[in-house]
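Below is one structure, written out as structure tokens, with a few remarks after it.
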Amino acid sequence: MTFYNIDDIDSFLEAVNDCKGAVELITDNGDVLNLKSKLCSYVAMTRMVGAESRINELDIRFTDPEDEWRIFEHIAENKRKMA
């Protein structure tokens with residue numbers, strides 16, 4: 001699943017850590033990074049965050065289908081709070 005315009009990176013990483021299964025970031029080069037690993041998540045986010053502290057697009061793979069909806073709901077809730 002591809003996510004767009006993630007504004008609150010810290011909150012996003014908290015939601016990733018709450019997921020039950022593996023959460024993997026697929027890079028443009030086809031590398032697979034485990035976002036539940038602190039080192040991988042910080043490296044991935046540092047490389048993807050622009051000057052605006054916003055992630056424009058993330059291609060993420062979930063092993064637990066419920067986690068996909070958990071992240072989606074989390075992002076939607078954050079957008080409502082920011083509006």
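In the structure tokens, the first chain shown is A, the next is B, and so on; residue numbers restart at 1 for each chain, and ligands run from 1 in the order shown.
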
Q: Write down as a count of residues only the residues belonging to chain A that are assigned helix (DSSP H, G or I) by DSSP computed on the backbone.
A: 39

For stretch 28-45 of chain A, find every residue with an atom within 7 Å (counting only C-alpha atoms), except residues of its own chain fewer than 5 positions away, and show them as an mmCIF file with N, CA and C atoms, in the first residue's frame.
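Dumped to result_36.cif:
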```cif
data_model
loop_
_atom_site.group_PDB
_atom_site.id
_atom_site.type_symbol
_atom_site.label_atom_id
_atom_site.label_comp_id
_atom_site.auth_asym_id
_atom_site.auth_seq_id
_atom_site.Cartn_x
_atom_site.Cartn_y
_atom_site.Cartn_z
ATOM 1 N N VAL A 16 3.424 2.553 13.712
ATOM 2 C CA VAL A 16 4.136 1.392 13.155
ATOM 3 C C VAL A 16 4.531 0.439 14.277
ATOM 4 N N ASN A 17 5.027 0.973 15.370
ATOM 5 C CA ASN A 17 5.447 0.126 16.495
ATOM 6 C C ASN A 17 4.274 -0.584 17.157
ATOM 7 N N VAL A 23 6.213 -4.573 9.357
ATOM 8 C CA VAL A 23 5.890 -3.402 8.541
ATOM 9 C C VAL A 23 7.168 -3.058 7.787
#
```

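If you look at atom CA of A:Lys20 and atom CA of A:Met1, they are 16.7 Å away from each other.
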
(Q) Need to verify the contact set: stretch 69-71 of chain A, 10 Å, only C-alpha atoms, exclusion of same-chain residues closer than 5 positions in sequence. Can you return it as number ranges by chain? (A) A: 3, 12-16, 18-20, 62, 64, 76-77

Q: Please run DSSP on the backbone and report, as JSON, numbers by chain, all residues within chain A that come out as strand (DSSP E or B).
A: {"A": [2, 3, 4, 5, 6, 23, 24, 25, 26, 32, 33, 34, 55, 56, 57, 58, 59, 60, 61, 62]}
